[in-house]
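J.: Before anything else, here's the structure in question.
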Amino acid sequence: MNEPVSRFGSARTIGRGMRVAPALSNGIALTFLFAFIGTGARLVIPILIQQSIDHGLQPGNIRVSYIAVLGLIGSGFVLVSSLSLRVATKRLGTRAEEGLFTLRIKLFDHIHRLSLADHNDEKRGALVSRVTSDIETLTMFFSWGGLSLLLDGSQMIAVASVMLAYDWRLALVAFAVSAPLVLVLRLVQSRLVYAHNISRERNAQLLGVFSEMVSGAETLHAYKATDLMITSVAKDVRNRGDSNIRAGIIGAFLFPSGEVFAVFTVMAVVGAGLLIGPAGGLTAGALVGFVFLTYRFLEPIAEFTEVIDQTQSAVASLRRVLGVLDTPIGPPQPSHPIALPAGVLSIDFVDVSFAYGSRLDEVDDDTPVLNSINLHIPGGQHIALVGPSGSGKTTVARLIARLADPTVGSVMLGGVALHRVDNSDLRRRLIVVPQEPFLFADTIAYNLRFAAPDATDNELTNVFSDLEIEDWLESLPHGINTNVGQRGGSLSAGERQLIALVRAAVVRPDVLILDEATSSVDALTEVRISKALSKLAQGRTTVSIAHRLSTAARAERVVLLEQGRIVEDGSHEQLLALKGQYAKQYETWVTSTQSNLGS
Amino acid sequence: MSHTETAVQSPSKSRLRVGYGLVRDLLKIHPKIFAIAVAGASVYAVCTVASSFGVAYLVDHVILPRFETGKIDAGVYLVGAAIVICIGLLRAFGVVIRRSFAGISNWRTVESISMQLVRHIMSQPLFWHKRKMTGDLVARVGVDSDAAAEVLGPLPFSTSVVLLVFLTGGWLLIVDVPLGLVAISVIPILLVLNVGYQRRIDKHYDTAQHELGSLSSAVHESFDGVMVVKAFGAEDRETRRLSVISTRLKEARIRAVSARSTFEALLDGVPSLVNILLLVVGAMRVDSNSMSVGELTSFIYLFTLLIFPLRIIGYVLSSVPHSASGYKRVREILDESVELDPQTLILESSANCGVRLEGVSFGFGKDLPDVLNDVTFEIAVGKTVVIVGATGSGKSTLLSVMAGLLQPNHGNVWIANRSAAIVFQEPFLFSGTIRHNIDMGRALSDSVMHDSLYLAAADEFVSALDDGVNTVIGERGISLSGGQRQRISLARAIAQQSSVLLLDDTTSALDTVTESLVIDRLRHSKNIVTTIIVASRPSTIALADEVIFIENGQVSDQGIHANLMVRNENYRLLMQSFEHDREQGGL
Ligand SMILES: Nc1ncnc2c1ncn2[C@@H]1O[C@H](COP(=O)(O)OP(=O)(O)OP(=O)(O)O)[C@@H](O)[C@H]1O
Ligand SMILES: Nc1ncnc2c1ncn2[C@@H]1O[C@H](COP(=O)(O)OP(=O)(O)OP(=O)(O)O)[C@@H](O)[C@H]1O
Ligand SMILES: [Mg+2]
Ligand SMILES: [Mg+2]
């Protein structure tokens with residue numbers, strides 16, 4: 001199993017679930033009381049019938065009115081107990097929903113705070129399945145399985161006491177013969193646990209595959225790979241079905257094991273009764289009555305086994321939920337944060353090395369992506385980070401934004417080590433604009449307010465003017481109320497980048513990191529935006545990662561990264577004079593952007 | 001949500017019909033498995049009745065004689081015990097069969113429904129997918145289909161309970177008509193209760209299931225955008241957004257719970273009340289000498305045996321609305337007719353023509369302006385053409401039309417061999433090995449794999465990875481850098497060996513040196529195919545035989561770069577922007 005799953009036993013798991021979501025166990029005693037009264041009818045009615053038969057239906061002496069009165073009393077009982085049952089079910093169901101709501105929200109919140117590595121390790125769909133499908137399984141259990149557990153438990157206890165009072169010898173025989181059932185149940189149960197764990201895991205896997213299939217539909221269509229995908233999905237679907245069926249079959253043996261024990265127990269009771277006989281003070285009526293009591297005692301076991309099956313499935317889901325909640329958030333938050341200094345912020349890398357670790361790897365043999373980086377960026381400087389594809393530029397950006405912590409060394413912002421900075425403090429001061437920005441399926445305004453929840457429409461449109469792209473905004477049918485579609489899919493790639501830039505500019509952060517933020521924007525617009533950005537960059541530390549070296553030429557300083565090391569560092573002119581890697585890159589850039597192609 | 005609700009049926013009659021229709025539809029999928037489960041359940045039912053006779057036999061022939069005569073007849077006891085035990089074992093066997101096959105029938109049905117959905121979804125074209133939220137579709141395939149089949153689990157058992165009730169009822173009717181009627185009345189009472197229950201609860205379950213879908217979409221989206229959420233420190237706000245949806249879900253569920261608890265309490269009470277009624281009516285019947293006390297006692301015992309199974313029936317009935325709402329959401333997808341696959345409209349081009357478009361127009365919706373407008377051009381086989389245009393001018397849309405992913409509103413597209421391989425502007429990689437992402441499940445020879453990686457300039461970094469092409473990458477290629485992702489997707493397109501290659505800004509994430517490497521290799525590749533490249537840099541344009549300049553979804557010019565530079569003002573402006581920038585910067 002390669003996903004976080006808590007490893008506690010069933011009872012402890014449910015106990016922990018209740019502690020995480022206290023509503024689940026809120027007022028459980030009262031609920032139990034109502035449930036107990038609710039089961040009352042199940043016991044009272046048989047007794048009532050017995051009474052009527054014994055006293056009202058003597059051959060030759062039929063007391064219809066007596067039976068009618070008993071019937072009325074009985075009906076009263078039924079009414080009261082049904083009402084109690086209703087109260088109990090409603091209480092339990094309502095609290096289950098409240099509790100699961102809490103669990104869902106906690107889970108959701110926690111997943112957002114997990115480290116990038118944890119997010120990379122699991123498919124989106126599988127993560128989503130914990131919040132939807134796993135919690136659904138819990139709903140089923142807590143809304144009626146839990147109640148049955150309570151009712152059946154109380155019925156067994158009640159009947160057991162009556163049995164003991166009736167005839168302790170026979171009761172002991174009955175308990176002794178049925179006791180091994182507990183062992184059988186435990187044995188089957190442990191297999192059941194395992195089976196359910198597997199089926200929940202496969203369920204998550206399947207949902208992961210579904211979501212990847214739907215997200216990748218465009219590619220699958222373009223490569224006519226839909227049929228292959230369907231075949232592979234079919235395998236996962238089958239696997240999940242098989243594992244559920246296996247769990248079901250194990251459960252199928254659980255139920256009749258109760259039945260079989262019931263038969264043997266009853267036969268043993270009859271046998272013992274015959275042996276004790278009248279000499280032991282037993283009467284025929286008492287023995288017959290006891291036989292029926294024994295049936296009553298064992299009857300809940302049938303329902304009980306149904307519930308055990310459901311319980312295990314719920315426990316398997318709960319374990320998955322708790323497993324996520326137990327995964328530490330990353331990067332960890334400081335207990336005593338240090339406030340970032342006001343004003344412009346410098347950035348420092350002190351002996352930083354970094355490797356993308358994975359929780360899945362047992363051995364720590366990840367090749368480092370960054371190697372002993374030392375870098376000081378004074379506050380207010382605009383630097384360009386350049387280097388070949390895969391050299392580690394994006395990784396540097398992620399470390400500055402503390403989306404991950406360095407494996408060795410430390411990153412400092414304004415002289416404060418990042419792991420001492422409070423997350424919200426950091427987010428207010430620093431913004432990263434990635435190459436493939438993510439937009440939510442809502443309006444442009446919604447996406448911009450994601451960065452600045454209180455900005456007015458006017459403030460938002462002003463930022464478009466600041467970046468000199470107001471003409472583009474005006475060309476949109478509904479202006480900032482235009483819907484951008486899922487992942488911004490109703491916009492062109494360049495337009496998505498524009499929105500992401502505006503989104504960053506709305507915040508006016510002290511540190512701005514642009515990771516190829518204009519790579520898909522046409523040349524004319526890009527030049528226009530970079531000029532505007534340079535103006536806005538006054539009094540702000542800016543790190544631009546760009547392959548279009550016009551950006552580098554505009555920066556105060558250029559840092560060239562190669563295979564995770566800084567190999568060149570200086571102003572554009574200095575690096576050109578050095579005639580090293582950068583000079584070579586720049587030369588290629590100049591020739592490649594000359595419009596007279598020498599042909 | 002853009003879904004129109006399925007036509008609302010007339011309220012009263014439809015409830016039973018929905019439940020009935022649901023069960024009928026589900027049973028049609030795997031009838032045989034279900035039949036076995038019902039057979040198992042029937043064995044159980046019959047044995048239940050038989051066991052009550054077995055116990056009666058023991059009482060009459062073993063227990064009573066023992067206490068009356070004082071003698072133990074071991075032989076009779078053993079025979080009686082053996083009978084009771086055999087019946088018990090048979091009954092247990094019935095249960096095993098019933099439960100196993102009920103599970104099989106349930107999960108095989110879920111499988112069939114999911115796969116039906118998967119096939120349906122996958123045969124819908126790109127345009128359909130653009131209108132749907134991933135999370136919602138996933139919820140329909142993965143959660144709603146489970147819910148839909150849920151009712152199948154306990155169904156065989158309840159079928160056998162109905163059988164049991166009718167058997168007993170029938171027997172009671174034969175012995176005494178009024179008493180029989182009282183016993184059987186329990187079934188119509190439960191049905192009437194159920195109809196009332198469904199009427200009250202339907203809308204809550206529909207809302208709940210709908211909200212579950214919304215929740216799934218929202219959660220999916222939020223996890224998808226976890227980087228943005230983190231980058232803006234918006235975790236708390238996202239949690240609040242989700243809690244709004246979760247609250248709606250919770251409230252719908254709590255309303256359902258309220259109705260459900262009333263129903264279940266009635267289900268618990270009604271059989272007991274009928275039992276009491278049976279007793280009172282029975283006493284009157286005995287009083288009027290219509291039956292004997294013994295007969296009445298055995299009736300009542302038999303009916304007592306039914307109470308527990310009747311309770312289970314209640315659970316089935318109360319799970320019908322939940323299943324029905326799940327099934328409704330499944331049907332919403334399945335009932336949408338499959339839209340035309342635009343691929344089928346692509347025409348085979350004539351011998352020397354690689355790509356030809358004639359009067360192609362395209363818009364994303366009736367109320368939206370056309371993105372492509374009367375686009376016409378022709379590209380000869382083997383040529384390399386660059387498409388140039390401003391942001392949002394329609395380049396990517398044009399490529400999708402050529403790739404047969406979007407259906408033009410007007411006009412025709414001809415493609416050599418009707419097949420083009422496209423590299424999307426934001427490539428999508430699947431979790432799995434690099435090899436799998438390149439061959440897309442088809443077997444590729446090592447040389448094709450190697451050549452493709454080489455042409456895409458991906459050979460070097462791939463071979464530097466620990467496991468080479470067998471390295472596993474995360475979902476969406478998350479463990480690769482932007483430029484690496486782009487090159488893998490380029491290799492994938494090249495490996496298709498299509499006659500036409502469509503590259504959408506495929507070198508945007510590459511540094512200049514790597515970019516020129518890619519372009520150089522493509523240019524000198526021996527398998528010359530018709531190549532169309534969306535690009536903005538003159539360097540890429542240098543590679544081209546021809547340029548197509550797009551403005552506002554129209555072909556504004558087509559020709560050799562040098563000519564366009566002279567005759568097209570806008571083109572010149574775009575091309576010279578970097579140079580102007582350098583000059584102004586004094587660089
Ligand atoms: N999430 C990740 N998990 C594992 N490895 C990663 C991850 N992200 C990047 N890498 C690896 O780290 C190295 C540096 O990646 P990075 O994204 O920092 O490069 P880059 O300089 O930004 O490249 P590009 O210009 O192509 O965007 C690459 O070899 C890449 O494969
Ligand atoms: N699914 C969609 N629904 C509505 N409008 C869309 C959709 N996809 C794209 N558009 C619009 O169509 C126009 C053309 O988009 P397209 O992606 O083809 O542009 P592009 O030329 O590729 O731009 P870029 O250079 O930024 O990639 C844009 O104005 C965009 O807003
Ligand atoms: Mg990068
Ligand atoms: Mg585009």
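Scheme for the structure tokens: letters A, B, ... for chains in order shown; per-chain residue numbers from 1; ligand numbers from 1 in order shown.
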Could the residues that lie within 6 Å of ligand 2, counting only C-alpha atoms and all ligand atoms, be listed as a compact mmCIF listing (two decimals) with C-alpha atoms, in the first residue's frame?
T.:
# COMPACT_ATOMS: atom_id res chain seq x y z
CA GLY A 489 -9.98 26.75 -20.81
CA SER A 490 -12.22 29.33 -22.47
CA LEU A 491 -9.26 31.66 -22.81
CA SER A 492 -6.24 31.27 -25.00
CA ALA A 493 -2.98 30.27 -23.31
CA GLY A 494 -1.59 33.78 -23.64
CA GLU A 495 -4.77 35.26 -22.21
CA SER A 520 2.87 32.31 -24.47
CA VAL A 521 2.09 35.95 -24.97
CA PHE B 364 -17.50 28.38 -29.34
CA VAL B 371 -13.09 32.69 -33.40
CA ALA B 390 -1.29 37.83 -31.70
CA THR B 391 -2.48 36.36 -28.41
CA GLY B 392 -6.06 35.18 -28.75
CA SER B 393 -6.12 35.47 -32.52
CA GLY B 394 -7.29 31.88 -32.92
CA LYS B 395 -4.13 29.90 -33.65
CA SER B 396 -4.76 27.10 -31.18
CA THR B 397 -8.38 26.87 -32.24
J.: Please identify the residues whose atoms come within 7 Å of ligand 1, using only C-alpha atoms and all ligand atoms, and report them as a PyMOL selection string.
T.: (chain A and resi 117+120+356+369+387-396) or (chain B and resi 478-484+509-511)
J.: Would you mind exporting the chosen residues as a short mmCIF file (atom, residue, chain, number, x, y, z; two decimals), in the first residue's frame, restricted to all heavy atoms?
T.:
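The result, written out as out-v3.cif:
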data_model
loop_
_atom_site.label_atom_id
_atom_site.label_comp_id
_atom_site.auth_asym_id
_atom_site.auth_seq_id
_atom_site.Cartn_x
_atom_site.Cartn_y
_atom_site.Cartn_z
N ALA A 117 5.27 17.43 -2.24
CA ALA A 117 5.67 16.05 -2.49
C ALA A 117 4.48 15.12 -2.25
O ALA A 117 4.22 14.22 -3.03
CB ALA A 117 6.83 15.66 -1.59
N ASN A 120 2.20 15.37 -5.11
CA ASN A 120 2.68 14.70 -6.31
C ASN A 120 2.50 13.20 -6.23
O ASN A 120 2.32 12.54 -7.24
CB ASN A 120 4.17 14.99 -6.50
CG ASN A 120 4.40 16.44 -6.85
OD1 ASN A 120 3.45 17.18 -7.04
ND2 ASN A 120 5.66 16.84 -6.92
N TYR A 356 14.09 16.56 -4.85
CA TYR A 356 12.66 16.26 -4.75
C TYR A 356 12.51 14.89 -4.13
O TYR A 356 12.70 13.88 -4.80
CB TYR A 356 11.99 16.27 -6.13
CG TYR A 356 11.73 17.66 -6.65
CD1 TYR A 356 12.59 18.27 -7.55
CD2 TYR A 356 10.60 18.36 -6.24
CE1 TYR A 356 12.35 19.55 -8.02
CE2 TYR A 356 10.35 19.64 -6.71
CZ TYR A 356 11.23 20.23 -7.60
OH TYR A 356 10.97 21.48 -8.06
N VAL A 369 18.63 18.43 -7.17
CA VAL A 369 18.28 19.27 -8.29
C VAL A 369 19.03 20.59 -8.17
O VAL A 369 19.41 21.21 -9.15
CB VAL A 369 16.76 19.49 -8.31
CG1 VAL A 369 16.37 20.55 -9.30
CG2 VAL A 369 16.06 18.18 -8.61
N GLY A 387 18.92 29.87 -17.81
CA GLY A 387 19.61 28.59 -17.80
C GLY A 387 18.84 27.59 -18.63
O GLY A 387 17.66 27.80 -18.92
N PRO A 388 19.52 26.52 -19.03
CA PRO A 388 18.86 25.54 -19.87
C PRO A 388 17.65 24.91 -19.19
O PRO A 388 17.52 24.95 -17.96
CB PRO A 388 19.95 24.49 -20.13
CG PRO A 388 21.15 24.92 -19.41
CD PRO A 388 20.90 26.19 -18.72
N SER A 389 16.81 24.33 -20.01
CA SER A 389 15.63 23.65 -19.51
C SER A 389 16.04 22.52 -18.56
O SER A 389 16.93 21.73 -18.87
CB SER A 389 14.86 23.08 -20.71
OG SER A 389 13.90 22.18 -20.27
N GLY A 390 15.43 22.48 -17.38
CA GLY A 390 15.73 21.44 -16.41
C GLY A 390 16.89 21.78 -15.50
O GLY A 390 17.33 20.95 -14.71
N SER A 391 17.38 23.03 -15.57
CA SER A 391 18.54 23.37 -14.75
C SER A 391 18.17 23.70 -13.30
O SER A 391 19.04 23.80 -12.45
CB SER A 391 19.31 24.54 -15.38
OG SER A 391 18.44 25.63 -15.56
N GLY A 392 16.89 23.92 -13.04
CA GLY A 392 16.49 24.12 -11.65
C GLY A 392 15.91 25.49 -11.35
O GLY A 392 15.77 25.86 -10.18
N LYS A 393 15.55 26.25 -12.38
CA LYS A 393 15.07 27.62 -12.17
C LYS A 393 13.74 27.62 -11.41
O LYS A 393 13.57 28.34 -10.42
CB LYS A 393 14.90 28.34 -13.52
CG LYS A 393 16.15 28.32 -14.38
CD LYS A 393 15.95 28.99 -15.71
CE LYS A 393 15.00 28.26 -16.64
NZ LYS A 393 15.49 26.94 -17.08
N THR A 394 12.82 26.80 -11.88
CA THR A 394 11.51 26.74 -11.21
C THR A 394 11.67 26.28 -9.77
O THR A 394 10.99 26.75 -8.87
CB THR A 394 10.59 25.78 -12.00
OG1 THR A 394 10.44 26.29 -13.31
CG2 THR A 394 9.23 25.65 -11.33
N THR A 395 12.61 25.37 -9.57
CA THR A 395 12.85 24.88 -8.22
C THR A 395 13.32 26.01 -7.30
O THR A 395 12.87 26.12 -6.16
CB THR A 395 13.90 23.75 -8.27
OG1 THR A 395 13.48 22.80 -9.25
CG2 THR A 395 14.03 23.07 -6.93
N VAL A 396 14.21 26.87 -7.81
CA VAL A 396 14.65 28.02 -7.02
C VAL A 396 13.44 28.88 -6.64
O VAL A 396 13.27 29.28 -5.48
CB VAL A 396 15.69 28.86 -7.81
CG1 VAL A 396 15.90 30.21 -7.15
CG2 VAL A 396 17.00 28.10 -7.92
N ILE B 478 4.01 16.02 -13.47
CA ILE B 478 4.39 16.99 -12.44
C ILE B 478 5.86 16.90 -12.03
O ILE B 478 6.44 17.89 -11.61
CB ILE B 478 3.46 16.83 -11.23
CG1 ILE B 478 3.53 18.06 -10.33
CG2 ILE B 478 3.77 15.59 -10.44
CD1 ILE B 478 2.20 18.51 -9.87
N SER B 479 6.49 15.72 -12.19
CA SER B 479 7.87 15.64 -11.74
C SER B 479 8.88 16.02 -12.82
O SER B 479 10.07 15.76 -12.68
CB SER B 479 8.16 14.24 -11.19
OG SER B 479 7.70 13.28 -12.09
N LEU B 480 8.39 16.63 -13.89
CA LEU B 480 9.31 17.11 -14.92
C LEU B 480 9.28 18.63 -14.95
O LEU B 480 8.31 19.25 -14.51
CB LEU B 480 8.88 16.57 -16.29
CG LEU B 480 8.93 15.06 -16.49
CD1 LEU B 480 8.42 14.69 -17.87
CD2 LEU B 480 10.35 14.54 -16.30
N SER B 481 10.32 19.23 -15.50
CA SER B 481 10.31 20.69 -15.64
C SER B 481 9.45 21.04 -16.86
O SER B 481 9.14 20.18 -17.69
CB SER B 481 11.72 21.21 -15.81
OG SER B 481 12.13 21.12 -17.15
N GLY B 482 9.08 22.32 -16.96
CA GLY B 482 8.19 22.74 -18.05
C GLY B 482 8.73 22.38 -19.42
O GLY B 482 8.01 21.84 -20.27
N GLY B 483 10.00 22.63 -19.64
CA GLY B 483 10.60 22.35 -20.93
C GLY B 483 10.69 20.86 -21.20
O GLY B 483 10.56 20.40 -22.33
N GLN B 484 10.89 20.10 -20.12
CA GLN B 484 10.96 18.64 -20.30
C GLN B 484 9.60 18.09 -20.70
O GLN B 484 9.50 17.24 -21.60
CB GLN B 484 11.44 17.99 -18.99
CG GLN B 484 12.91 18.28 -18.69
CD GLN B 484 13.32 17.92 -17.29
OE1 GLN B 484 12.49 17.76 -16.39
NE2 GLN B 484 14.62 17.80 -17.06
N ALA B 509 8.71 26.87 -23.83
CA ALA B 509 9.35 26.70 -22.52
C ALA B 509 10.80 26.27 -22.65
O ALA B 509 11.41 25.83 -21.69
CB ALA B 509 8.56 25.68 -21.71
N LEU B 510 11.33 26.37 -23.87
CA LEU B 510 12.72 25.93 -24.05
C LEU B 510 13.65 27.13 -24.12
O LEU B 510 13.29 28.19 -24.62
CB LEU B 510 12.84 25.12 -25.35
CG LEU B 510 12.01 23.84 -25.42
CD1 LEU B 510 12.27 23.12 -26.73
CD2 LEU B 510 12.34 22.95 -24.24
N ASP B 511 14.85 26.94 -23.60
CA ASP B 511 15.84 27.98 -23.74
C ASP B 511 16.26 28.06 -25.20
O ASP B 511 16.05 27.13 -25.98
CB ASP B 511 17.04 27.67 -22.85
CG ASP B 511 17.62 26.31 -23.16
OD1 ASP B 511 16.97 25.30 -22.77
OD2 ASP B 511 18.67 26.24 -23.81
#
J.: Rounded to one decimal place, report the atom CA of Asp202 of chain B-atom CA of Ser337 of chain B distance in Å.
T.: 26.3 Å
J.: Run DSSP on the backbone and grab whatever in segment 497-580 of chain A lands in strand (DSSP E); send it over as an MDAnalysis selection string.
T.: chainID A and resid 511:515 541:545 557:562 565:570
J.: Those same residues - N, CA and C atoms - I'd like them written as a compact mmCIF listing (two decimals), in the first residue's frame.
T.:
# COMPACT_ATOMS: atom_id res chain seq x y z
N VAL A 511 7.85 41.07 -3.11
CA VAL A 511 8.71 40.19 -3.89
C VAL A 511 7.84 39.56 -4.98
N LEU A 512 8.29 39.71 -6.22
CA LEU A 512 7.52 39.15 -7.32
C LEU A 512 8.40 38.18 -8.08
N ILE A 513 7.91 36.97 -8.26
CA ILE A 513 8.68 35.98 -9.00
C ILE A 513 7.90 35.60 -10.24
N LEU A 514 8.50 35.85 -11.39
CA LEU A 514 7.82 35.56 -12.64
C LEU A 514 8.50 34.36 -13.29
N ASP A 515 7.84 33.22 -13.27
CA ASP A 515 8.44 32.02 -13.85
C ASP A 515 7.91 31.84 -15.27
N THR A 541 11.48 43.66 -5.03
CA THR A 541 12.45 42.67 -5.48
C THR A 541 11.78 41.80 -6.53
N THR A 542 12.41 41.67 -7.69
CA THR A 542 11.79 40.88 -8.75
C THR A 542 12.75 39.82 -9.26
N VAL A 543 12.25 38.60 -9.37
CA VAL A 543 13.04 37.54 -9.99
C VAL A 543 12.30 37.11 -11.24
N SER A 544 12.91 37.32 -12.41
CA SER A 544 12.25 36.88 -13.64
C SER A 544 12.97 35.68 -14.19
N ILE A 545 12.20 34.62 -14.42
CA ILE A 545 12.77 33.47 -15.11
C ILE A 545 12.27 33.56 -16.54
N ARG A 557 20.52 42.42 -13.15
CA ARG A 557 21.53 41.40 -12.91
C ARG A 557 21.03 40.08 -13.48
N VAL A 558 21.97 39.30 -14.00
CA VAL A 558 21.60 38.03 -14.59
C VAL A 558 22.31 36.91 -13.84
N VAL A 559 21.56 35.87 -13.47
CA VAL A 559 22.16 34.70 -12.83
C VAL A 559 21.90 33.51 -13.72
N LEU A 560 22.97 32.83 -14.09
CA LEU A 560 22.82 31.69 -14.98
C LEU A 560 22.98 30.39 -14.19
N LEU A 561 22.00 29.53 -14.33
CA LEU A 561 21.98 28.27 -13.60
C LEU A 561 22.26 27.15 -14.58
N GLU A 562 23.09 26.20 -14.16
CA GLU A 562 23.30 25.04 -15.01
C GLU A 562 23.39 23.82 -14.12
N ARG A 565 23.55 24.45 -10.42
CA ARG A 565 24.60 25.29 -9.85
C ARG A 565 24.58 26.64 -10.52
N ILE A 566 25.00 27.66 -9.77
CA ILE A 566 25.13 28.99 -10.37
C ILE A 566 26.47 29.02 -11.07
N VAL A 567 26.45 29.23 -12.37
CA VAL A 567 27.72 29.23 -13.08
C VAL A 567 28.15 30.63 -13.51
N GLU A 568 27.18 31.53 -13.73
CA GLU A 568 27.55 32.89 -14.06
C GLU A 568 26.64 33.85 -13.32
N ASP A 569 27.17 34.98 -12.93
CA ASP A 569 26.41 35.92 -12.12
C ASP A 569 26.97 37.32 -12.35
N GLY A 570 26.16 38.23 -12.85
CA GLY A 570 26.65 39.58 -13.09
C GLY A 570 25.65 40.36 -13.90
J.: Might you pull out every residue within 10 Å of Gly153 of chain A, with only C-alpha atoms counted and same-chain residues fewer than 5 positions away left off, and present them as number ranges by chain?
T.: A: 36, 147-148, 158, 300-301, 304
J.: Using only C-alpha atoms for the distances, tell me which of B:Ser361, B:Thr344, B:Ser536, B:Ser463 is nearest to chain A.
T.: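 Of B:Ser361, B:Thr344, B:Ser536, B:Ser463, the one nearest chain A is B:Ser536, counting only C-alpha atoms.
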J.: From the list A:Ser410, A:Asn61, A:Ser519, A:Thr283, which residue is nearest Gly70 of chain B when using only C-alpha atoms?
T.: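 When distances to Gly70 of chain B are compared using only C-alpha atoms, the smallest one comes from A:Thr283.
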J.: Distance atom CA of Val165 of chain B-atom CA of Leu151 of chain A, one decimal place?
T.: 24.8 Å
J.: Check the smallest atom-to-atom distance from each of A:Val263, A:Ile400, A:Ala537, A:Ile469 to Val84 of chain B using only C-alpha atoms, then report the winner.
T.: A:Val263
J.: Neighbouring residues of Ile83 of chain B were defined as those with any atom within 9 Å, considering only C-alpha atoms; residues of the same chain fewer than 4 positions away were excluded. Please report them as a count of residues only.
T.: 6
J.: Could you jot down the atom CA of Ile387 of chain B to atom CA of Glu587 of chain A separation for me, Å, one decimal place?
T.: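 Separation of atom CA of Ile387 of chain B and atom CA of Glu587 of chain A: 24.7 Å.
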J.: Which residues come within 6 Å of segment 316-333 of chain B, counting only C-alpha atoms, excluding same-chain residues fewer than 3 positions away, as a PyMOL selection string?
T.: chain B and resi 140+144+147-148+202+205-206+313+336
J.: Using only C-alpha atoms, which protein or nucleic acid residues come within 8 Å of Phe32 of chain A? Drop anything in the same chain fewer than 3 positions from it, and give the result as a VMD selection string.
T.: chain A and resid 28 to 29 35 to 36 88 150
J.: Residues as selected, N, CA and C atoms, written as a PDB file, in the first residue's frame, can you do that?
T.:
ATOM      1  N   ILE A  28     -24.425  10.764  22.940  1.00  0.00           N
ATOM      2  CA  ILE A  28     -24.603   9.374  22.545  1.00  0.00           C
ATOM      3  C   ILE A  28     -25.374   8.606  23.613  1.00  0.00           C
ATOM      4  N   ALA A  29     -25.206   9.016  24.885  1.00  0.00           N
ATOM      5  CA  ALA A  29     -25.874   8.302  25.967  1.00  0.00           C
ATOM      6  C   ALA A  29     -27.387   8.411  25.835  1.00  0.00           C
ATOM      7  N   ALA A  35     -32.770   4.540  21.934  1.00  0.00           N
ATOM      8  CA  ALA A  35     -32.658   3.313  21.148  1.00  0.00           C
ATOM      9  C   ALA A  35     -33.084   2.123  21.997  1.00  0.00           C
ATOM     10  N   PHE A  36     -32.704   2.167  23.266  1.00  0.00           N
ATOM     11  CA  PHE A  36     -33.018   1.076  24.179  1.00  0.00           C
ATOM     12  C   PHE A  36     -34.532   0.957  24.360  1.00  0.00           C
ATOM     13  N   ALA A  88     -34.261   8.313  18.215  1.00  0.00           N
ATOM     14  CA  ALA A  88     -32.889   7.796  18.216  1.00  0.00           C
ATOM     15  C   ALA A  88     -32.294   7.842  16.811  1.00  0.00           C
ATOM     16  N   LEU A 150     -26.011  -0.488  18.235  1.00  0.00           N
ATOM     17  CA  LEU A 150     -26.516  -0.122  19.561  1.00  0.00           C
ATOM     18  C   LEU A 150     -27.733  -0.968  19.935  1.00  0.00           C
TER      19      LEU A 150
END
J.: Write out as a ChimeraX atom specification the residues lying within 9 Å of Glu98 of chain A, counting only C-alpha atoms and excluding same-chain residues fewer than 4 positions away.
T.: /A:21,23-24,93-94,102-103 /B:250,254
J.: Please identify which residues in segment 373-448 of chain A DSSP calls helix (DSSP H, G or I) from the backbone, and express them as a list of chain:residue names.
T.: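 Taking segment 373-448 of chain A and keeping helix (DSSP H, G or I) gives A:Lys393, A:Thr394, A:Thr395, A:Val396, A:Ala397, A:Arg398, A:Leu399, A:Ile400, A:Leu418, A:His419, A:Arg420, A:Asn423, A:Ser424, A:Asp425, A:Leu426, A:Arg427, A:Arg428, A:Arg429, A:Ile444, A:Ala445, A:Tyr446, A:Asn447, A:Leu448.
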